[in-house]
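J.: I am sharing model-v4.txt, which consists of compact mmCIF, C-alpha atoms:
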# COMPACT_ATOMS: atom_id res chain seq x y z
CA MET A 1 -7.50 -21.93 -7.20
CA ALA A 2 -3.95 -20.78 -7.85
CA LYS A 3 -2.22 -19.04 -5.01
CA GLY A 4 -1.47 -15.34 -5.35
CA ARG A 5 0.91 -13.02 -3.53
CA ARG A 6 0.31 -10.06 -1.30
CA PHE A 7 2.63 -7.19 -0.45
CA LEU A 8 3.61 -5.87 2.96
CA LEU A 9 4.70 -2.50 4.25
CA ASN A 10 5.95 -1.68 7.75
CA GLY A 11 4.15 -4.40 9.69
CA ARG A 12 0.56 -3.38 9.09
CA GLU A 13 -2.19 -4.40 6.74
CA GLY A 14 -1.97 -3.30 3.13
CA ILE A 15 -4.22 -3.60 0.02
CA PRO A 16 -4.13 -4.90 -3.76
CA ARG A 17 -4.51 -4.46 -7.55
CA ALA A 18 -4.90 -7.61 -9.63
CA THR A 19 -5.42 -8.07 -13.37
CA SER A 20 -6.65 -11.68 -13.13
CA PRO A 21 -8.87 -13.78 -10.85
CA THR A 22 -5.76 -15.02 -9.05
CA PRO A 23 -5.63 -13.49 -5.57
CA PRO A 24 -2.74 -11.02 -5.49
CA PRO A 25 0.27 -11.16 -3.13
CA ARG A 26 0.85 -8.72 -0.35
CA CYS A 27 3.76 -6.35 -0.57
CA PHE A 28 5.40 -4.68 2.37
CA ARG A 29 8.02 -2.10 3.11
CA GLY A 30 9.34 -2.52 6.62
CA GLU A 31 6.20 -4.15 7.71
CA GLU A 32 3.18 -3.12 5.66
CA TRP A 33 1.58 -5.36 3.06
CA LEU A 34 0.32 -4.95 -0.49
CA ILE A 35 -1.30 -7.48 -2.82
CA CYS A 36 -0.07 -7.99 -6.37
CA ASN A 37 -1.05 -10.32 -9.15
CA SER A 38 1.73 -12.88 -9.38
CA SER A 39 1.10 -16.51 -8.80
CA GLY A 40 3.22 -18.70 -6.58
CA GLY A 41 6.21 -17.43 -4.64
CA LYS A 42 7.09 -17.76 -1.01
CA PRO A 43 5.62 -15.62 1.77
CA GLY A 44 7.46 -12.40 2.36
CA LYS A 45 9.18 -11.63 5.62
CA LYS A 46 8.13 -8.79 7.90
CA VAL A 47 10.99 -6.34 8.33
CA MET A 48 11.08 -3.16 10.35
CA SER A 49 12.54 -0.13 8.65
CA GLY A 50 14.51 2.30 10.78
CA ARG A 51 12.34 5.16 9.61
CA ASP A 52 9.21 3.63 11.16
CA SER A 53 10.56 2.61 14.57
CA GLY A 54 9.03 5.73 16.12
CA LEU A 55 5.60 4.86 14.73
CA GLU A 56 5.90 1.38 16.19
CA GLU A 57 6.69 2.87 19.59
CA ALA A 58 3.70 5.18 19.24
CA GLU A 59 1.46 2.24 18.51
CA THR A 60 2.65 0.43 21.61
CA ALA A 61 2.50 3.50 23.82
CA SER A 62 -1.07 4.28 22.80
CA GLY A 63 -2.44 0.78 23.14
CA PHE A 64 -2.76 0.13 19.42
CA SER A 65 -1.33 -3.35 19.93
CA ASP A 66 -4.66 -4.38 21.44
CA LEU A 67 -6.58 -4.39 18.17
CA SER A 68 -8.88 -6.75 16.38
CA ASP A 69 -7.01 -9.83 15.15
CA SER A 70 -6.87 -8.63 11.55
CA GLU A 71 -6.26 -4.90 11.91
CA PHE A 72 -2.65 -3.70 12.00
CA LEU A 73 -2.87 0.06 11.61
CA GLN A 74 -0.64 3.03 11.94
CA ILE A 75 -0.99 5.98 14.30
CA GLU A 76 -0.49 9.47 12.93
CA GLU A 77 -1.22 13.02 14.01
CA PRO A 78 -4.74 14.37 13.33
CA GLU A 79 -5.63 16.63 10.46
CA ALA A 80 -8.86 18.53 9.88
CA GLY A 81 -10.63 17.91 6.57
CA ASP A 82 -13.66 18.88 4.54
CA SER A 83 -17.12 17.64 5.36
CA GLU A 84 -18.26 14.35 3.92
CA LYS A 85 -20.87 14.21 1.19
CA PRO A 86 -24.30 13.68 2.77
CA SER A 87 -25.25 10.92 0.29
CA CYS A 88 -22.38 8.78 1.54
CA SER A 89 -22.74 9.33 5.29
CA LEU A 90 -24.39 7.54 8.16
CA GLY A 91 -26.83 10.00 9.65
CA PRO A 92 -26.95 13.75 8.97
CA PRO A 93 -23.77 15.48 7.79
CA THR A 94 -21.68 17.36 10.35
CA GLU A 95 -19.32 20.29 10.12
CA SER A 96 -15.57 19.77 10.21
CA GLU A 97 -14.03 20.03 13.65
CA GLY A 98 -11.27 22.51 14.27
CA GLY A 99 -8.65 23.81 11.86
CA ASP A 100 -4.98 23.59 11.03
CA VAL A 101 -2.41 24.67 13.59
CA ALA A 102 1.17 25.61 12.77
CA LYS A 103 3.23 22.56 13.60
CA GLY A 104 6.19 22.82 15.91
CA SER A 105 5.06 26.08 17.47
CA VAL A 106 4.73 26.82 21.17
CA LEU A 107 1.12 27.80 20.52
CA GLU A 108 0.37 24.40 19.01
CA THR A 109 1.86 22.64 22.04
CA ALA A 110 -0.26 24.72 24.41
CA LYS A 111 -3.40 24.07 22.38
CA ARG A 112 -2.74 20.35 22.36
CA LYS A 113 -2.33 20.33 26.13
CA ARG A 114 -5.61 22.19 26.57
CA SER A 115 -7.46 20.22 23.93
CA HIS A 116 -10.61 18.35 24.88
CA VAL A 117 -10.84 16.65 21.48
CA PRO A 118 -9.63 13.05 21.81
CA LEU A 119 -8.52 12.88 18.17
CA GLU A 120 -6.06 15.67 18.98
CA ILE A 121 -5.16 14.40 22.44
CA PHE A 122 -4.15 11.02 21.03
CA HIS A 123 -2.61 12.55 17.84
CA LEU A 124 -4.84 10.59 15.47
CA ARG A 125 -5.59 11.36 11.84
CA TYR A 126 -8.04 8.48 11.59
CA LEU A 127 -9.77 5.76 13.58
CA SER A 128 -10.02 2.02 13.04
CA VAL A 129 -13.27 0.09 13.04
CA THR A 130 -12.08 -1.66 16.19
CA ASP A 131 -11.57 1.67 17.95
CA ILE A 132 -15.26 2.38 17.49
CA SER A 133 -16.52 -1.12 18.22
CA ALA A 134 -14.50 -1.14 21.47
CA GLN A 135 -16.79 1.65 22.66
CA VAL A 136 -19.70 -0.79 22.53
CA TRP A 137 -18.09 -2.90 25.28
CA CYS A 138 -16.87 -0.04 27.48
CA GLU A 139 -15.90 3.36 26.20
CA GLN A 140 -14.00 4.27 29.36
CA GLN A 141 -11.92 1.08 29.10
CA MET A 142 -11.04 1.98 25.52
CA VAL A 143 -9.79 5.39 26.72
CA TYR A 144 -7.69 3.91 29.51
CA ARG A 145 -6.22 1.42 27.07
CA ARG A 146 -4.73 4.35 25.21
CA GLU A 147 -3.81 6.40 28.27
CA ARG A 148 -2.36 3.56 30.35
CA PRO A 149 -1.01 0.81 28.07
CA ASP A 150 1.31 -0.20 30.92
CA LEU A 151 -1.69 -1.71 32.70
CA THR A 152 -2.60 -4.04 29.82
CA PRO A 153 -2.29 -7.62 31.10
CA PRO A 154 0.48 -9.56 29.25
CA GLU A 155 -1.91 -12.47 28.69
CA ASN A 156 -4.17 -10.21 26.62
CA ILE A 157 -1.29 -9.56 24.21
CA VAL A 158 -0.49 -13.27 24.03
CA LEU A 159 -4.09 -14.09 23.13
CA LEU A 160 -4.15 -11.33 20.52
CA ASN A 161 -0.95 -12.56 18.90
CA THR A 162 -2.35 -16.08 18.77
CA GLY A 163 -5.42 -14.76 16.99
CA LYS A 164 -3.25 -12.89 14.49
CA SER A 165 -1.34 -16.09 13.74
CA ILE A 166 -4.58 -17.94 12.98
CA HIS A 167 -5.72 -15.16 10.65
CA LEU A 168 -2.36 -15.16 8.90
CA ALA A 169 -2.46 -18.93 8.39
CA ARG A 170 -5.86 -18.61 6.70
CA GLU A 171 -4.67 -15.77 4.53
CA LEU A 172 -1.64 -17.73 3.36
CA GLU A 173 -4.06 -20.23 1.86
CA ASP A 174 -4.86 -17.56 -0.75
CA HIS A 175 -1.96 -15.07 -0.71
CA ASP A 176 1.79 -15.14 -0.32
CA LEU A 177 3.49 -12.18 1.34
CA VAL A 178 6.03 -10.04 -0.50
CA THR A 179 8.08 -7.17 0.94
CA VAL A 180 8.24 -3.79 -0.76
CA SER A 181 10.58 -1.01 0.30
CA THR A 182 9.02 2.45 0.76
CA THR A 183 10.49 5.84 1.47
CA SER A 184 7.54 8.07 2.41
CA ARG A 185 4.08 8.09 3.96
CA GLU A 186 2.68 8.36 0.44
CA ASP A 187 4.48 5.13 -0.47
CA SER A 188 2.95 3.43 2.56
CA TRP A 189 -0.57 4.44 1.57
CA ALA A 190 0.17 3.66 -2.08
CA ILE A 191 0.80 0.04 -1.07
CA LYS A 192 -2.60 0.00 0.65
CA VAL A 193 -4.27 1.41 -2.46
CA LEU A 194 -2.50 -1.08 -4.74
CA ASN A 195 -3.66 -3.96 -2.59
CA LEU A 196 -7.23 -2.68 -2.61
CA LEU A 197 -7.22 -2.33 -6.38
CA GLY A 198 -6.00 -5.89 -6.78
CA MET A 199 -8.64 -7.33 -4.47
CA LEU A 200 -11.38 -5.42 -6.28
CA SER A 201 -10.37 -7.17 -9.51
CA VAL A 202 -10.34 -10.59 -7.86
CA LEU A 203 -13.71 -9.98 -6.21
CA GLN A 204 -15.25 -8.75 -9.43
CA GLU A 205 -14.20 -12.01 -11.09
CA GLY A 206 -16.28 -13.87 -8.53
CA HIS A 207 -13.48 -15.17 -6.32
CA ARG A 208 -12.81 -15.01 -2.59
CA VAL A 209 -10.51 -12.44 -0.98
CA ARG A 210 -9.11 -12.19 2.54
CA GLU A 211 -7.93 -9.25 4.62
CA PHE A 212 -9.85 -6.78 2.45
CA PRO A 213 -9.13 -3.15 3.48
CA VAL A 214 -11.96 -0.63 3.67
CA PHE A 215 -11.81 3.16 3.99
CA GLY A 216 -14.45 5.81 4.45
CA VAL A 217 -15.57 8.96 6.18
CA LEU A 218 -18.03 8.77 9.07
CA GLU A 219 -19.19 11.98 10.72
CA ASP A 220 -16.23 13.81 9.13
CA ILE A 221 -13.71 11.31 10.57
CA PHE A 222 -11.62 9.05 8.34
CA VAL A 223 -12.15 5.41 9.34
CA VAL A 224 -10.24 2.32 8.22
CA GLY A 225 -10.80 -1.39 8.69
CA VAL A 226 -9.83 -4.83 7.44
CA ILE A 227 -12.51 -7.38 6.52
CA ASP A 228 -11.44 -10.95 7.22
CA GLN A 229 -13.08 -12.54 4.19
CA LEU A 230 -15.38 -11.68 1.29
CA GLY A 231 -16.78 -14.23 -1.14
CA TYR A 232 -19.89 -15.37 -2.96
CA THR A 233 -22.42 -17.93 -1.77
CA PRO A 234 -23.82 -20.62 -4.11
CA LYS A 235 -26.79 -18.27 -4.58
CA GLY A 236 -24.50 -15.51 -5.80
CA GLU A 237 -24.79 -13.35 -2.66
CA LEU A 238 -21.74 -11.39 -1.58
CA GLU A 239 -20.94 -12.64 1.91
CA LEU A 240 -18.77 -11.10 4.62
CA ASN A 241 -17.29 -13.63 7.02
CA GLU A 242 -15.64 -12.29 10.19
CA LEU A 243 -13.38 -14.74 12.02
CA LYS A 244 -13.24 -14.49 15.81
CA THR A 245 -10.86 -16.68 17.80
CA ARG A 246 -11.61 -17.56 21.42
CA ASN A 247 -9.47 -18.78 24.28
CA ASN A 248 -12.48 -20.56 25.82
CA ALA A 249 -14.09 -23.42 23.93
CA SER A 250 -17.53 -21.80 24.08
CA MET A 251 -19.54 -19.15 22.30
CA PRO A 252 -19.14 -15.58 23.63
CA SER A 253 -21.55 -13.79 25.92
CA ALA A 254 -24.35 -11.58 24.62
CA ALA A 255 -22.30 -8.47 25.45
CA GLN A 256 -19.32 -9.74 23.46
CA LYS A 257 -21.54 -10.67 20.54
CA LYS A 258 -22.99 -7.15 20.56
CA ARG A 259 -19.51 -5.67 20.15
CA ASP A 260 -18.61 -8.14 17.39
CA ARG A 261 -21.85 -7.48 15.51
CA PHE A 262 -21.29 -3.74 15.52
CA GLN A 263 -17.78 -4.21 14.13
CA VAL A 264 -19.17 -6.24 11.22
CA PHE A 265 -21.94 -3.66 10.61
CA LEU A 266 -19.29 -0.94 10.25
CA TYR A 267 -17.38 -3.05 7.75
CA LYS A 268 -20.52 -3.40 5.64
CA TYR A 269 -21.23 0.32 5.72
CA LEU A 270 -17.70 1.25 4.66
CA PHE A 271 -17.55 -1.40 1.92
CA ASP A 272 -20.97 -0.55 0.49
CA ALA A 273 -20.11 3.15 0.38
CA MET A 274 -16.81 2.40 -1.38
CA VAL A 275 -18.37 0.34 -4.17
CA ARG A 276 -21.00 3.07 -4.64
CA GLY A 277 -18.15 5.46 -5.46
CA CYS A 278 -18.40 7.49 -2.25
CA LEU A 279 -14.66 7.38 -1.43
CA ALA A 280 -13.32 10.59 -2.97
CA PRO A 281 -9.54 10.94 -3.56
CA ASP A 282 -9.57 14.12 -1.49
CA SER A 283 -10.58 12.06 1.55
CA PHE A 284 -7.05 10.65 1.65
CA LEU A 285 -5.30 13.93 0.90
CA GLN A 286 -7.14 16.23 3.28
CA ARG A 287 -7.73 13.96 6.25
CA LEU A 288 -4.42 12.11 6.16
CA ASN A 289 -2.36 15.14 5.11
CA LEU A 290 -0.81 13.31 2.16
CA ARG A 291 0.94 15.02 -0.77
CA PRO A 292 -0.76 14.29 -4.11
CA GLU A 293 2.28 15.21 -6.23
CA GLN A 294 4.71 13.13 -4.18
CA PRO A 295 6.68 10.84 -6.53
CA LEU A 296 6.29 7.18 -5.63
CA GLY A 297 9.41 5.26 -4.67
CA PRO A 298 11.06 3.03 -7.30
CA HIS A 299 10.05 -0.19 -5.54
CA VAL A 300 6.42 0.89 -5.31
CA GLN A 301 6.38 1.89 -8.99
CA ASP A 302 7.92 -1.46 -9.89
CA GLN A 303 5.21 -3.38 -8.03
CA ALA A 304 2.56 -1.20 -9.68
CA ARG A 305 3.94 -2.11 -13.12
CA LYS A 306 3.85 -5.80 -12.19
CA SER A 307 0.19 -5.30 -11.28
CA GLY A 308 -0.58 -4.04 -14.76
CA PHE A 309 -0.27 -0.25 -14.80
CA THR A 310 2.23 2.60 -14.69
CA VAL A 311 2.02 5.34 -12.07
CA SER A 312 4.55 7.91 -10.95
CA ARG A 313 2.75 10.06 -8.35
CA PHE A 314 0.49 9.33 -5.43
CA ARG A 315 -2.33 11.24 -7.13
CA ASP A 316 -2.18 8.81 -10.06
CA LEU A 317 -3.07 5.91 -7.79
CA LEU A 318 -5.89 7.79 -6.07
CA GLU A 319 -7.44 8.67 -9.44
CA LEU A 320 -7.10 5.06 -10.52
CA LEU A 321 -8.81 3.88 -7.33
CA SER A 322 -11.64 6.39 -7.77
CA LEU A 323 -12.15 5.26 -11.38
CA ASN A 324 -12.24 1.59 -10.40
CA LEU A 325 -14.66 2.13 -7.53
CA THR A 326 -16.96 4.33 -9.61
CA HIS A 327 -17.25 1.82 -12.46
CA CYS A 328 -16.92 -1.51 -10.68
CA GLU A 329 -19.84 -3.94 -10.78
CA ILE A 330 -19.32 -5.34 -7.30
CA PRO A 331 -22.60 -5.44 -5.36
CA ALA A 332 -23.21 -4.34 -1.79
CA ILE A 333 -22.69 -7.01 0.84
CA ASP A 334 -25.77 -9.23 1.06
CA ARG A 335 -24.93 -11.55 3.92
CA LEU A 336 -23.09 -10.98 7.21
CA GLN A 337 -21.81 -13.72 9.46
CA ILE A 338 -19.36 -14.18 12.33
CA GLU A 339 -17.46 -17.43 12.68
CA TYR A 340 -16.15 -18.33 16.15
CA ILE A 341 -13.34 -20.88 16.55
CA HIS A 342 -11.29 -22.16 19.49
CA GLN A 343 -7.71 -20.86 19.48
CA ASP A 344 -6.01 -24.00 20.82
CA SER A 345 -7.84 -26.71 18.91
CA GLY A 346 -9.11 -24.78 15.89
CA ALA A 347 -12.53 -26.34 16.49
CA ALA A 348 -15.56 -24.47 15.19
CA LEU A 349 -17.65 -23.08 18.06
CA GLY A 350 -20.51 -21.65 16.04
CA THR A 351 -21.57 -19.19 13.37
CA GLU A 352 -23.92 -16.24 13.78
CA VAL A 353 -25.78 -14.72 10.81
CA LEU A 354 -26.57 -11.03 11.30
CA ALA A 355 -29.47 -8.77 10.33
CA TYR A 356 -28.35 -5.27 9.32
CA ASP A 357 -30.26 -2.11 10.23
CA GLN A 358 -28.57 0.97 8.76
CA ASP A 359 -30.63 3.48 10.74
CA GLU A 360 -29.68 1.81 14.00
CA VAL A 361 -26.02 1.62 13.00
CA GLY A 362 -26.06 5.27 11.91
CA ALA A 363 -27.42 6.44 15.25
CA ALA A 364 -24.77 4.44 17.13
CA VAL A 365 -21.97 5.83 14.94
CA GLN A 366 -23.10 9.40 15.61
CA TYR A 367 -23.09 8.75 19.34
CA PHE A 368 -19.70 7.04 19.48
CA LEU A 369 -17.91 9.51 17.21
CA ALA A 370 -19.25 12.45 19.22
CA TYR A 371 -16.75 11.41 21.90
CA TRP A 372 -13.80 11.50 19.49
CA LYS A 373 -14.80 14.97 18.30
CA GLY A 374 -14.94 16.33 21.85
CA GLN A 375 -18.70 16.81 21.84
CA ARG A 376 -19.20 14.72 24.99
CA ASP A 377 -17.16 13.05 27.73
CA SER A 378 -16.32 9.36 27.73
CA ARG A 379 -18.73 7.03 29.52
CA GLY A 380 -18.29 3.80 31.39
CA VAL A 381 -20.78 0.97 31.61
CA ASP A 382 -24.30 1.36 32.95
CA VAL A 383 -25.39 -0.30 36.17
CA GLU A 384 -26.69 -3.45 34.50
CA ASP A 385 -23.28 -4.00 32.86
CA ALA A 386 -21.19 -3.31 35.96
CA TRP A 387 -20.15 -6.99 36.01
CA LYS A 388 -17.66 -6.14 33.26
CA CYS A 389 -15.59 -4.20 35.80
CA ARG A 390 -14.60 -7.46 37.52
CA TYR A 391 -12.60 -8.41 34.42
CA CYS A 392 -11.15 -4.98 33.64
CA ALA A 393 -7.46 -4.20 34.20
CA TYR A 394 -8.31 -0.54 34.77
CA ALA A 395 -10.94 -0.99 37.50
CA GLY A 396 -8.55 0.27 40.18
CA ILE A 397 -8.09 3.67 38.49
CA CYS A 398 -11.47 4.05 36.80
CA GLU A 399 -13.10 7.36 37.74
CA TRP A 400 -16.39 6.27 36.21
CA ARG A 401 -16.47 3.20 38.47
CA MET A 402 -15.54 5.31 41.50
CA GLY A 403 -18.48 7.59 40.89
CA LYS A 404 -16.53 10.62 39.67
CA ALA A 405 -17.85 10.78 36.12
CA GLY A 406 -21.62 10.70 36.18
CA SER A 407 -24.78 9.53 37.87
CA PRO A 408 -24.91 5.97 36.42
CA ALA A 409 -21.57 5.19 38.06
CA GLU A 410 -22.68 6.83 41.30
CA GLN A 411 -25.78 4.65 41.34
CA TRP A 412 -23.65 1.60 40.71
CA LYS A 413 -21.26 2.52 43.49
CA ARG A 414 -24.10 2.97 45.97
CA SER A 415 -25.53 -0.39 44.95
CA LYS A 416 -22.30 -2.24 45.87
Using the file provided, produce a representation of the structure as structure tokens.
T.:
Amino acid sequence: MAKGRRFLLNGREGIPRATSPTPPPRCFRGEEWLICNSSGGKPGKKVMSGRDSGLEEAETASGFSDLSDSEFLQIEEPEAGDSEKPSCSLGPPTESEGGDVAKGSVLETAKRKRSHVPLEIFHLRYLSVTDISAQVWCEQQMVYRRERPDLTPPENIVLLNTGKSIHLARELEDHDLVTVSTTSREDSWAIKVLNLLGMLSVLQEGHRVREFPVFGVLEDIFVVGVIDQLGYTPKGELELNELKTRNNASMPSAAQKKRDRFQVFLYKYLFDAMVRGCLAPDSFLQRLNLRPEQPLGPHVQDQARKSGFTVSRFRDLLELLSLNLTHCEIPAIDRLQIEYIHQDSGAALGTEVLAYDQDEVGAAVQYFLAYWKGQRDSRGVDVEDAWKCRYCAYAGICEWRMGKAGSPAEQWKRSK
């Protein structure tokens, strides 16, 4: 299969639009990638733009560097939005949390300080799939990771970067990386939308795609993720393959597998909802506070033309995406599997095929997102999972472990 290119933008994952079965390239502005439909070409180079240096610092300061291998996402301030359509949600629909606050005002600052809503406390407009799946392992650890990134062990970052390199090497088998200069937040998200459009075309032609971005609304919260690989089996089933790299040359524990499985389940839900046409253009505008009439930068428009269409405003791309998703013939994901490999040797450790239960996933999503909406406090592990604390960098400051945050922790403390 001929090699395509993919575009980058400000150091995080982007998305594509292709007019042929050739996998598109990724475009990128300072470091964020897009996929376009040219064949050949050399990989692009990640470049940081001066405009985004503050966002990079925010990512580091809030622990966003400790993500899943394939998710490089951007932190932004939160924005309230309209409720999701019930037909496209997991579980019963919920009302929107909170409202708009005048930015820059003393009142806003005071409200933020008093806020008990984690989305506001951490200044987030959206969550990643790995944010939510981290709650499966230990919700309290996930919170400390954002509050105290200074306590993250350096070796964890080294292992994560190694995993990213392995993912990138696989992706370069199908896509080259191309840089694209952007000048606004709308340009950044336009690159993501262009990449998604390109991958939809490639997938619809029956070919494999890697680093496939997914978006959706769960419990009135915008959620994003990046699927490692989508392709078709010899039987014609659409298969999701999630790559997990391991430092130890052995399969993970049951607790680690549980976290990985939930991550893959969320990818399936978001993807299936997208190809059913459940991703409304307003989801981007309202929840991400993007300007629909914002003119796209010249470099973004140029890459769009090379992908086969002409757009001038951000709204044009959103309408194009909605049209493609509504009328595409891509099926829901039929088969889910996780592939584990050893980081050092690249040896295959094993593959796990998963059974999907939407009701069970929906109940878990409701529970986990209730924390982000301020409807309950964060929780640590239960007594039977207290062994995890021996490997946690935050054990010395953990209030849950010290018995200050609920009866399960108190029972655990008394049992020690």
J.: Have a look at CA of Lys268 (chain A) and CA of Val209 (chain A) and let me know their distance in Å, one decimal.
T.: 15.0 Å
J.: If I take CA of Ile132 (chain A) and CA of Leu266 (chain A), how far is one from the other in Å, to one decimal?
T.: 8.9 Å
J.: Check the smallest atom-to-atom distance from each of A:Val117, A:Leu285, A:Leu238, A:Met199 to His175 (chain A) using only C-alpha atoms, then report the winner.
T.: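 Of all the options, A:Met199 lies closest to His175 (chain A).
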J.: Check the smallest atom-to-atom distance from each of A:Leu243, A:Ala347, A:Leu124, A:Cys278 to Arg210 (chain A) using all atoms listed in the file, then report the winner.
T.: A:Leu243
J.: Measure the distance from CA of Asn289 (chain A) to CA of Gly277 (chain A) in Å and round it to one decimal.
T.: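 Interatomic distance, CA of Asn289 (chain A) to CA of Gly277 (chain A): 21.3 Å.
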J.: Around (6.7, 9.9, -8.6) in the file's frame, which residues reach within 8 Å when counting all atoms listed in the file? Return as a count of residues only?
T.: 9
